[in-house]
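Undergrad: My structure is stored as coords39.tsv, with TSV, N, CA and C atoms.
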```tsv
chain	number	residue	atom	x	y	z
A	1	MET	N	-84.76	-14.27	-156.35
A	1	MET	CA	-85.22	-14.16	-154.98
A	1	MET	C	-84.96	-15.50	-154.29
A	2	GLN	N	-84.36	-15.44	-153.13
A	2	GLN	CA	-83.97	-16.65	-152.42
A	2	GLN	C	-85.13	-17.26	-151.64
A	3	PHE	N	-85.09	-18.57	-151.53
A	3	PHE	CA	-85.99	-19.32	-150.66
A	3	PHE	C	-85.14	-19.87	-149.52
A	4	GLU	N	-85.74	-20.00	-148.35
A	4	GLU	CA	-85.04	-20.57	-147.21
A	4	GLU	C	-85.73	-21.85	-146.78
A	5	ILE	N	-85.00	-22.95	-146.86
A	5	ILE	CA	-85.50	-24.24	-146.40
A	5	ILE	C	-84.75	-24.52	-145.10
A	6	ARG	N	-85.46	-24.37	-143.96
A	6	ARG	CA	-84.72	-24.38	-142.71
A	6	ARG	C	-85.38	-25.09	-141.54
A	7	ASP	N	-86.54	-25.64	-141.72
A	7	ASP	CA	-87.16	-26.28	-140.55
A	7	ASP	C	-87.62	-27.69	-140.92
A	8	PRO	N	-88.12	-28.43	-139.93
A	8	PRO	CA	-88.44	-29.84	-140.17
A	8	PRO	C	-89.71	-30.10	-141.00
A	9	ARG	N	-90.50	-29.04	-141.28
A	9	ARG	CA	-91.70	-29.25	-142.09
A	9	ARG	C	-91.30	-29.69	-143.49
A	10	PRO	N	-92.20	-30.39	-144.20
A	10	PRO	CA	-91.90	-30.76	-145.58
A	10	PRO	C	-91.54	-29.53	-146.42
A	11	ILE	N	-90.64	-29.70	-147.35
A	11	ILE	CA	-90.14	-28.59	-148.17
A	11	ILE	C	-91.28	-27.88	-148.87
A	12	TRP	N	-92.24	-28.62	-149.43
A	12	TRP	CA	-93.32	-27.97	-150.17
A	12	TRP	C	-94.13	-27.04	-149.27
A	13	GLN	N	-94.28	-27.39	-147.98
A	13	GLN	CA	-95.01	-26.53	-147.06
A	13	GLN	C	-94.22	-25.25	-146.77
A	14	GLN	N	-92.91	-25.38	-146.65
A	14	GLN	CA	-92.09	-24.20	-146.42
A	14	GLN	C	-92.13	-23.27	-147.64
A	15	LEU	N	-92.09	-23.86	-148.83
A	15	LEU	CA	-92.17	-23.06	-150.05
A	15	LEU	C	-93.52	-22.35	-150.15
A	16	ALA	N	-94.59	-23.08	-149.86
A	16	ALA	CA	-95.93	-22.49	-149.92
A	16	ALA	C	-96.02	-21.32	-148.95
A	17	GLN	N	-95.48	-21.47	-147.75
A	17	GLN	CA	-95.51	-20.40	-146.76
A	17	GLN	C	-94.78	-19.16	-147.27
A	18	GLN	N	-93.61	-19.36	-147.82
A	18	GLN	CA	-92.83	-18.23	-148.31
A	18	GLN	C	-93.51	-17.55	-149.51
A	19	LEU	N	-94.14	-18.33	-150.36
A	19	LEU	CA	-94.86	-17.75	-151.50
A	19	LEU	C	-96.10	-17.00	-151.02
A	20	ARG	N	-96.80	-17.52	-150.01
A	20	ARG	CA	-97.94	-16.80	-149.44
A	20	ARG	C	-97.51	-15.43	-148.95
A	21	GLU	N	-96.39	-15.41	-148.22
A	21	GLU	CA	-95.89	-14.15	-147.69
A	21	GLU	C	-95.54	-13.18	-148.82
A	22	ARG	N	-94.96	-13.67	-149.88
A	22	ARG	CA	-94.60	-12.81	-151.01
A	22	ARG	C	-95.85	-12.27	-151.71
A	23	ILE	N	-96.90	-13.06	-151.74
A	23	ILE	CA	-98.14	-12.59	-152.37
A	23	ILE	C	-98.79	-11.51	-151.51
A	24	VAL	N	-98.94	-11.74	-150.22
A	24	VAL	CA	-99.66	-10.77	-149.39
A	24	VAL	C	-98.85	-9.50	-149.14
A	25	THR	N	-97.53	-9.56	-149.30
A	25	THR	CA	-96.71	-8.35	-149.13
A	25	THR	C	-96.53	-7.59	-150.43
A	26	GLY	N	-97.08	-8.14	-151.53
A	26	GLY	CA	-97.03	-7.40	-152.79
A	26	GLY	C	-95.84	-7.69	-153.67
A	27	VAL	N	-94.99	-8.63	-153.29
A	27	VAL	CA	-93.90	-9.02	-154.19
A	27	VAL	C	-94.50	-9.51	-155.51
A	28	TYR	N	-95.59	-10.26	-155.38
A	28	TYR	CA	-96.40	-10.67	-156.54
A	28	TYR	C	-97.75	-9.97	-156.36
A	29	PRO	N	-97.95	-8.82	-156.99
A	29	PRO	CA	-99.16	-8.03	-156.78
A	29	PRO	C	-100.44	-8.72	-157.28
A	30	PRO	N	-101.58	-8.31	-156.74
A	30	PRO	CA	-102.86	-8.86	-157.21
A	30	PRO	C	-103.01	-8.69	-158.72
A	31	GLY	N	-103.44	-9.76	-159.37
A	31	GLY	CA	-103.67	-9.74	-160.81
A	31	GLY	C	-102.43	-9.95	-161.65
A	32	SER	N	-101.26	-10.02	-161.01
A	32	SER	CA	-100.02	-10.16	-161.78
A	32	SER	C	-99.80	-11.61	-162.22
A	33	HIS	N	-99.02	-11.74	-163.26
A	33	HIS	CA	-98.62	-13.06	-163.74
A	33	HIS	C	-97.71	-13.68	-162.69
A	34	PHE	N	-97.92	-14.96	-162.39
A	34	PHE	CA	-97.11	-15.66	-161.40
A	34	PHE	C	-96.06	-16.49	-162.14
A	35	PRO	N	-94.83	-16.54	-161.63
A	35	PRO	CA	-93.79	-17.33	-162.30
A	35	PRO	C	-94.20	-18.79	-162.47
A	36	THR	N	-93.58	-19.45	-163.43
A	36	THR	CA	-93.90	-20.85	-163.69
A	36	THR	C	-93.29	-21.75	-162.62
A	37	VAL	N	-93.79	-22.97	-162.58
A	37	VAL	CA	-93.27	-23.98	-161.66
A	37	VAL	C	-91.77	-24.14	-161.87
A	38	ARG	N	-91.36	-24.25	-163.11
A	38	ARG	CA	-89.93	-24.47	-163.41
A	38	ARG	C	-89.07	-23.28	-162.98
A	39	GLU	N	-89.55	-22.08	-163.22
A	39	GLU	CA	-88.79	-20.89	-162.81
A	39	GLU	C	-88.59	-20.88	-161.30
A	40	LEU	N	-89.66	-21.10	-160.57
A	40	LEU	CA	-89.57	-21.08	-159.11
A	40	LEU	C	-88.78	-22.26	-158.56
A	41	ALA	N	-88.94	-23.41	-159.18
A	41	ALA	CA	-88.18	-24.59	-158.73
A	41	ALA	C	-86.68	-24.36	-158.91
A	42	THR	N	-86.32	-23.74	-160.02
A	42	THR	CA	-84.91	-23.43	-160.26
A	42	THR	C	-84.39	-22.44	-159.22
A	43	GLN	N	-85.17	-21.40	-158.94
A	43	GLN	CA	-84.77	-20.42	-157.92
A	43	GLN	C	-84.58	-21.06	-156.56
A	44	ALA	N	-85.49	-21.97	-156.21
A	44	ALA	CA	-85.45	-22.61	-154.89
A	44	ALA	C	-84.48	-23.79	-154.83
A	45	GLY	N	-84.06	-24.28	-155.99
A	45	GLY	CA	-83.18	-25.44	-156.02
A	45	GLY	C	-83.88	-26.71	-155.61
A	46	VAL	N	-85.14	-26.83	-156.03
A	46	VAL	CA	-85.93	-28.02	-155.68
A	46	VAL	C	-86.47	-28.66	-156.95
A	47	ASN	N	-86.96	-29.87	-156.80
A	47	ASN	CA	-87.60	-30.58	-157.88
A	47	ASN	C	-88.89	-29.86	-158.29
A	48	PRO	N	-89.17	-29.75	-159.59
A	48	PRO	CA	-90.42	-29.10	-160.01
A	48	PRO	C	-91.68	-29.70	-159.37
A	49	ASN	N	-91.68	-31.00	-159.10
A	49	ASN	CA	-92.84	-31.63	-158.47
A	49	ASN	C	-93.08	-31.06	-157.06
A	50	THR	N	-92.00	-30.76	-156.36
A	50	THR	CA	-92.11	-30.17	-155.03
A	50	THR	C	-92.72	-28.78	-155.13
A	51	MET	N	-92.25	-27.99	-156.08
A	51	MET	CA	-92.79	-26.64	-156.26
A	51	MET	C	-94.24	-26.71	-156.74
A	52	GLN	N	-94.55	-27.68	-157.60
A	52	GLN	CA	-95.92	-27.83	-158.07
A	52	GLN	C	-96.86	-28.09	-156.90
A	53	ARG	N	-96.42	-28.89	-155.95
A	53	ARG	CA	-97.26	-29.18	-154.78
A	53	ARG	C	-97.50	-27.92	-153.96
A	54	ALA	N	-96.45	-27.09	-153.81
A	54	ALA	CA	-96.60	-25.83	-153.08
A	54	ALA	C	-97.58	-24.91	-153.80
A	55	MET	N	-97.47	-24.83	-155.11
A	55	MET	CA	-98.34	-23.94	-155.88
A	55	MET	C	-99.77	-24.46	-155.90
A	56	ALA	N	-99.94	-25.78	-155.90
A	56	ALA	CA	-101.29	-26.35	-155.82
A	56	ALA	C	-101.95	-25.94	-154.52
A	57	GLN	N	-101.17	-25.88	-153.44
A	57	GLN	CA	-101.73	-25.44	-152.15
A	57	GLN	C	-102.15	-23.98	-152.23
A	58	LEU	N	-101.37	-23.15	-152.91
A	58	LEU	CA	-101.74	-21.74	-153.06
A	58	LEU	C	-103.04	-21.59	-153.85
A	59	GLU	N	-103.26	-22.48	-154.80
A	59	GLU	CA	-104.53	-22.48	-155.53
A	59	GLU	C	-105.67	-22.85	-154.60
A	60	LEU	N	-105.45	-23.87	-153.76
A	60	LEU	CA	-106.48	-24.26	-152.78
A	60	LEU	C	-106.76	-23.13	-151.79
A	61	ASP	N	-105.73	-22.37	-151.46
A	61	ASP	CA	-105.89	-21.23	-150.55
A	61	ASP	C	-106.64	-20.08	-151.22
A	62	GLY	N	-106.77	-20.15	-152.54
A	62	GLY	CA	-107.44	-19.08	-153.29
A	62	GLY	C	-106.53	-17.94	-153.69
A	63	LEU	N	-105.23	-18.11	-153.49
A	63	LEU	CA	-104.28	-17.04	-153.80
A	63	LEU	C	-103.85	-17.02	-155.26
A	64	LEU	N	-103.87	-18.19	-155.91
A	64	LEU	CA	-103.50	-18.28	-157.31
A	64	LEU	C	-104.69	-18.76	-158.13
A	65	ILE	N	-104.74	-18.27	-159.36
A	65	ILE	CA	-105.78	-18.68	-160.31
A	65	ILE	C	-105.06	-19.22	-161.54
A	66	THR	N	-105.45	-20.42	-161.97
A	66	THR	CA	-104.84	-21.02	-163.15
A	66	THR	C	-105.69	-20.71	-164.37
A	67	ASN	N	-105.04	-20.14	-165.36
A	67	ASN	CA	-105.65	-19.88	-166.67
A	67	ASN	C	-104.96	-20.83	-167.63
A	68	ARG	N	-105.67	-21.78	-168.14
A	68	ARG	CA	-105.08	-22.87	-168.92
A	68	ARG	C	-104.09	-22.41	-169.98
A	69	THR	N	-104.38	-21.34	-170.66
A	69	THR	CA	-103.48	-20.91	-171.74
A	69	THR	C	-102.52	-19.81	-171.32
A	70	ALA	N	-102.80	-19.13	-170.22
A	70	ALA	CA	-101.98	-17.98	-169.82
A	70	ALA	C	-101.18	-18.21	-168.55
A	71	GLY	N	-101.19	-19.40	-168.01
A	71	GLY	CA	-100.46	-19.67	-166.77
A	71	GLY	C	-101.25	-19.25	-165.55
A	72	ARG	N	-100.53	-18.94	-164.50
A	72	ARG	CA	-101.17	-18.58	-163.23
A	72	ARG	C	-101.07	-17.09	-162.98
A	73	THR	N	-102.09	-16.57	-162.31
A	73	THR	CA	-102.08	-15.19	-161.86
A	73	THR	C	-102.44	-15.14	-160.38
A	74	VAL	N	-102.05	-14.06	-159.75
A	74	VAL	CA	-102.38	-13.83	-158.35
A	74	VAL	C	-103.81	-13.32	-158.28
A	75	THR	N	-104.56	-13.82	-157.32
A	75	THR	CA	-105.95	-13.39	-157.17
A	75	THR	C	-106.04	-11.89	-156.97
A	76	GLU	N	-107.14	-11.32	-157.40
A	76	GLU	CA	-107.42	-9.90	-157.17
A	76	GLU	C	-108.46	-9.73	-156.07
A	77	GLN	N	-108.90	-10.83	-155.49
A	77	GLN	CA	-109.92	-10.78	-154.45
A	77	GLN	C	-109.30	-10.28	-153.14
A	78	ARG	N	-109.61	-9.05	-152.79
A	78	ARG	CA	-109.03	-8.42	-151.59
A	78	ARG	C	-109.39	-9.17	-150.32
A	79	ASP	N	-110.60	-9.73	-150.26
A	79	ASP	CA	-110.99	-10.45	-149.04
A	79	ASP	C	-110.13	-11.68	-148.83
A	80	VAL	N	-109.77	-12.37	-149.90
A	80	VAL	CA	-108.90	-13.55	-149.80
A	80	VAL	C	-107.51	-13.12	-149.34
A	81	LEU	N	-106.99	-12.05	-149.94
A	81	LEU	CA	-105.66	-11.56	-149.58
A	81	LEU	C	-105.63	-11.05	-148.14
A	82	ASP	N	-106.66	-10.31	-147.73
A	82	ASP	CA	-106.72	-9.80	-146.36
A	82	ASP	C	-106.85	-10.93	-145.35
A	83	SER	N	-107.63	-11.94	-145.67
A	83	SER	CA	-107.79	-13.09	-144.78
A	83	SER	C	-106.46	-13.82	-144.60
A	84	MET	N	-105.72	-14.00	-145.69
A	84	MET	CA	-104.42	-14.67	-145.60
A	84	MET	C	-103.43	-13.81	-144.83
A	85	ARG	N	-103.47	-12.51	-145.03
A	85	ARG	CA	-102.58	-11.60	-144.31
A	85	ARG	C	-102.83	-11.72	-142.80
A	86	ARG	N	-104.10	-11.75	-142.40
A	86	ARG	CA	-104.44	-11.91	-140.97
A	86	ARG	C	-103.99	-13.27	-140.44
A	87	GLN	N	-104.20	-14.32	-141.25
A	87	GLN	CA	-103.78	-15.67	-140.83
A	87	GLN	C	-102.27	-15.71	-140.60
A	88	LEU	N	-101.51	-15.16	-141.53
A	88	LEU	CA	-100.05	-15.16	-141.39
A	88	LEU	C	-99.62	-14.35	-140.16
A	89	ALA	N	-100.29	-13.23	-139.93
A	89	ALA	CA	-99.96	-12.40	-138.76
A	89	ALA	C	-100.25	-13.16	-137.47
A	90	ARG	N	-101.39	-13.87	-137.41
A	90	ARG	CA	-101.71	-14.67	-136.21
A	90	ARG	C	-100.66	-15.76	-135.99
A	91	GLU	N	-100.24	-16.42	-137.07
A	91	GLU	CA	-99.24	-17.48	-136.94
A	91	GLU	C	-97.93	-16.92	-136.39
A	92	ARG	N	-97.48	-15.79	-136.94
A	92	ARG	CA	-96.23	-15.17	-136.46
A	92	ARG	C	-96.37	-14.70	-135.02
A	93	THR	N	-97.53	-14.18	-134.67
A	93	THR	CA	-97.76	-13.72	-133.30
A	93	THR	C	-97.68	-14.89	-132.34
A	94	GLU	N	-98.27	-16.01	-132.70
A	94	GLU	CA	-98.21	-17.20	-131.85
A	94	GLU	C	-96.77	-17.70	-131.70
A	95	GLU	N	-96.00	-17.68	-132.78
A	95	GLU	CA	-94.59	-18.08	-132.71
A	95	GLU	C	-93.84	-17.17	-131.74
A	96	TYR	N	-94.08	-15.88	-131.85
A	96	TYR	CA	-93.44	-14.89	-130.98
A	96	TYR	C	-93.80	-15.15	-129.52
A	97	LEU	N	-95.10	-15.35	-129.26
A	97	LEU	CA	-95.54	-15.57	-127.88
A	97	LEU	C	-94.98	-16.86	-127.30
A	98	LYS	N	-94.91	-17.91	-128.09
A	98	LYS	CA	-94.32	-19.17	-127.61
A	98	LYS	C	-92.84	-18.99	-127.27
A	99	TYR	N	-92.14	-18.23	-128.10
A	99	TYR	CA	-90.73	-17.97	-127.85
A	99	TYR	C	-90.56	-17.20	-126.54
A	100	LEU	N	-91.38	-16.16	-126.36
A	100	LEU	CA	-91.28	-15.37	-125.13
A	100	LEU	C	-91.68	-16.19	-123.90
A	101	GLU	N	-92.67	-17.06	-124.04
A	101	GLU	CA	-93.05	-17.93	-122.93
A	101	GLU	C	-91.90	-18.84	-122.56
A	102	ALA	N	-91.16	-19.32	-123.55
A	102	ALA	CA	-90.00	-20.17	-123.27
A	102	ALA	C	-88.92	-19.38	-122.52
A	103	LEU	N	-88.89	-18.06	-122.73
A	103	LEU	CA	-87.94	-17.20	-122.02
A	103	LEU	C	-88.45	-16.80	-120.64
A	104	GLY	N	-89.71	-17.16	-120.32
A	104	GLY	CA	-90.26	-16.87	-119.02
A	104	GLY	C	-91.21	-15.68	-118.97
A	105	PHE	N	-91.60	-15.14	-120.11
A	105	PHE	CA	-92.54	-14.02	-120.14
A	105	PHE	C	-93.96	-14.54	-120.33
A	106	ASP	N	-94.92	-13.98	-119.57
A	106	ASP	CA	-96.32	-14.29	-119.83
A	106	ASP	C	-96.82	-13.32	-120.91
A	107	ARG	N	-98.08	-13.46	-121.31
A	107	ARG	CA	-98.60	-12.62	-122.41
A	107	ARG	C	-98.63	-11.14	-122.05
A	108	ARG	N	-98.91	-10.84	-120.81
A	108	ARG	CA	-98.92	-9.43	-120.38
A	108	ARG	C	-97.52	-8.83	-120.51
A	109	ALA	N	-96.52	-9.58	-120.06
A	109	ALA	CA	-95.14	-9.10	-120.16
A	109	ALA	C	-94.72	-8.98	-121.62
A	110	ALA	N	-95.20	-9.89	-122.46
A	110	ALA	CA	-94.91	-9.82	-123.89
A	110	ALA	C	-95.50	-8.55	-124.49
A	111	ALA	N	-96.72	-8.20	-124.08
A	111	ALA	CA	-97.35	-6.97	-124.57
A	111	ALA	C	-96.55	-5.75	-124.12
A	112	ASP	N	-96.03	-5.78	-122.89
A	112	ASP	CA	-95.21	-4.68	-122.40
A	112	ASP	C	-93.97	-4.49	-123.26
A	113	LEU	N	-93.41	-5.58	-123.76
A	113	LEU	CA	-92.23	-5.48	-124.61
A	113	LEU	C	-92.52	-4.77	-125.93
A	114	LEU	N	-93.76	-4.80	-126.36
A	114	LEU	CA	-94.14	-4.16	-127.61
A	114	LEU	C	-94.38	-2.66	-127.46
A	115	ALA	N	-94.57	-2.20	-126.23
A	115	ALA	CA	-94.82	-0.78	-125.99
A	115	ALA	C	-93.52	0.01	-126.17
A	116	PRO	N	-93.62	1.25	-126.65
A	116	PRO	CA	-92.43	2.09	-126.75
A	116	PRO	C	-91.78	2.27	-125.38
A	117	GLU	N	-90.47	2.46	-125.37
A	117	GLU	CA	-89.72	2.64	-124.12
A	117	GLU	C	-90.38	3.72	-123.26
A	118	GLY	N	-90.52	3.44	-121.98
A	118	GLY	CA	-91.06	4.42	-121.04
A	118	GLY	C	-92.58	4.45	-120.97
A	119	GLU	N	-93.25	3.69	-121.83
A	119	GLU	CA	-94.71	3.67	-121.84
A	119	GLU	C	-95.18	2.43	-121.11
A	120	ASP	N	-96.18	2.56	-120.24
A	120	ASP	CA	-96.70	1.45	-119.45
A	120	ASP	C	-98.06	1.03	-120.00
A	121	ASN	N	-98.23	-0.25	-120.32
A	121	ASN	CA	-99.49	-0.75	-120.87
A	121	ASN	C	-100.54	-1.02	-119.81
A	122	HIS	N	-100.20	-0.92	-118.53
A	122	HIS	CA	-101.14	-1.32	-117.48
A	122	HIS	C	-101.95	-0.17	-116.91
A	123	GLU	N	-101.90	0.97	-117.49
A	123	GLU	CA	-102.64	2.11	-116.95
A	123	GLU	C	-104.07	2.10	-117.41
```
Starting from the file, lay out its structure as structure tokens.

TA:
Amino acid sequence: MQFEIRDPRPIWQQLAQQLRERIVTGVYPPGSHFPTVRELATQAGVNPNTMQRAMAQLELDGLLITNRTAGRTVTEQRDVLDSMRRQLARERTEEYLKYLEALGFDRRAAADLLAPEGEDNHE
């Protein structure tokens, strides 16, 4: 699975973001074994220390649980997963709205763009 390093944020933050998305979308299901630092670092083409920092953030977020002898697993706590899913959705929504504002659309016009063709949101 490919990782994309494409913006000015530190690499470990970009990796953590992409791993969060993979967890909440079920690529790594709740309770499943999580790949090792070395496996993921190799996939991403980064130093293991960089990947370790990203994974440490996921532990702080409550998404990963470290079992000393069995490695890491994805949390099974639905409230943690749902909270992260909402947070990611809010972040993407804000990115979308900022982009549309740069194009000259206000929030109302942005909402109109989300409506199916021919449907008016102002009724």

Undergrad: Residues near Pro48 in chain A, anyone? I mean within 12 Å using only C-alpha atoms, not counting same-chain ones fewer than 2 positions away, as a list in words.

TA: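 Once the adjacent positions are removed, what remains is Ile11, Trp12, Leu15, Thr36, Val37, Arg38, Glu39, Leu40, Ala41, Thr42, Gln43, Ala44, Gly45, Val46, Thr50, Met51, Gln52, Arg53, Ala54, Met55 and Ala56 of chain A.
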
Undergrad: Can you work out which one of A:Leu58, A:Leu100, A:Ile5, A:Ala89 has the shortest atom-to-atom distance to Leu19 in chain A, counting all atoms listed in the file?

TA: A:Leu58

Undergrad: When you draw a straight line from CA of Arg72 in chain A to CA of Gln17 in chain A, how long is it in Å?

TA: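 It comes out at 17.5 Å.
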
Undergrad: With distances taken over only C-alpha atoms, which residue among A:Ala110, A:Ser32, A:Tyr96, A:Phe105 lies nearest Thr75 in chain A?

TA: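 Selected residue with least distance to Thr75 in chain A: A:Ser32.
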
Undergrad: Work out how far apart atom N of Val74 in chain A and CA of Ile23 in chain A are and give it in Å to one decimal.

TA: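 We find that atom N of Val74 in chain A and CA of Ile23 in chain A lie 8.5 Å from each other.
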
Undergrad: Can you work out the spacing between CA of Arg86 in chain A and atom N of Asp106 in chain A in Å, to one decimal?

TA: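 Distance between the two atoms: 23.5 Å.
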
Undergrad: Name the residues of range 21-96 of chain A that come out as helix (DSSP H, G or I) in a backbone DSSP run; write them as number ranges by chain.

TA: A: 21-24, 37-44, 48-60, 78-96

Undergrad: Mind listing whatever residues come within 9 Å of the point (-107.9, -18.6, -148.4)? Use only C-alpha atoms, file coordinates, and give them as a list in words.

TA: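 I get Leu58, Glu59, Leu60, Asp61, Gly62, Leu63, Asp79, Val80, Leu81, Ser83 and Met84 of chain A for the residues within 9 Å of that point.
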
Undergrad: Any chance you could list, as a CSV table (one decimal) with N, CA and C atoms, in the frame of the given file, the residues in chain A that come up strand (DSSP E or B) when DSSP is run on the backbone?

TA:
```csv
chain,number,residue,atom,x,y,z
A,33,HIS,N,-99.0,-11.7,-163.3
A,33,HIS,CA,-98.6,-13.1,-163.7
A,33,HIS,C,-97.7,-13.7,-162.7
A,64,LEU,N,-103.9,-18.2,-155.9
A,64,LEU,CA,-103.5,-18.3,-157.3
A,64,LEU,C,-104.7,-18.8,-158.1
A,65,ILE,N,-104.7,-18.3,-159.4
A,65,ILE,CA,-105.8,-18.7,-160.3
A,65,ILE,C,-105.1,-19.2,-161.5
A,66,THR,N,-105.4,-20.4,-162.0
A,66,THR,CA,-104.8,-21.0,-163.2
A,66,THR,C,-105.7,-20.7,-164.4
A,67,ASN,N,-105.0,-20.1,-165.4
A,67,ASN,CA,-105.6,-19.9,-166.7
A,67,ASN,C,-105.0,-20.8,-167.6
A,71,GLY,N,-101.2,-19.4,-168.0
A,71,GLY,CA,-100.5,-19.7,-166.8
A,71,GLY,C,-101.2,-19.2,-165.6
A,72,ARG,N,-100.5,-18.9,-164.5
A,72,ARG,CA,-101.2,-18.6,-163.2
A,72,ARG,C,-101.1,-17.1,-163.0
A,73,THR,N,-102.1,-16.6,-162.3
A,73,THR,CA,-102.1,-15.2,-161.9
A,73,THR,C,-102.4,-15.1,-160.4
A,74,VAL,N,-102.0,-14.1,-159.8
A,74,VAL,CA,-102.4,-13.8,-158.4
A,74,VAL,C,-103.8,-13.3,-158.3
```

Undergrad: Could you check which of A:Arg107, A:Tyr28, A:Thr73, A:Pro10 is closest to Glu94 in chain A, using only C-alpha atoms?

TA: A:Arg107
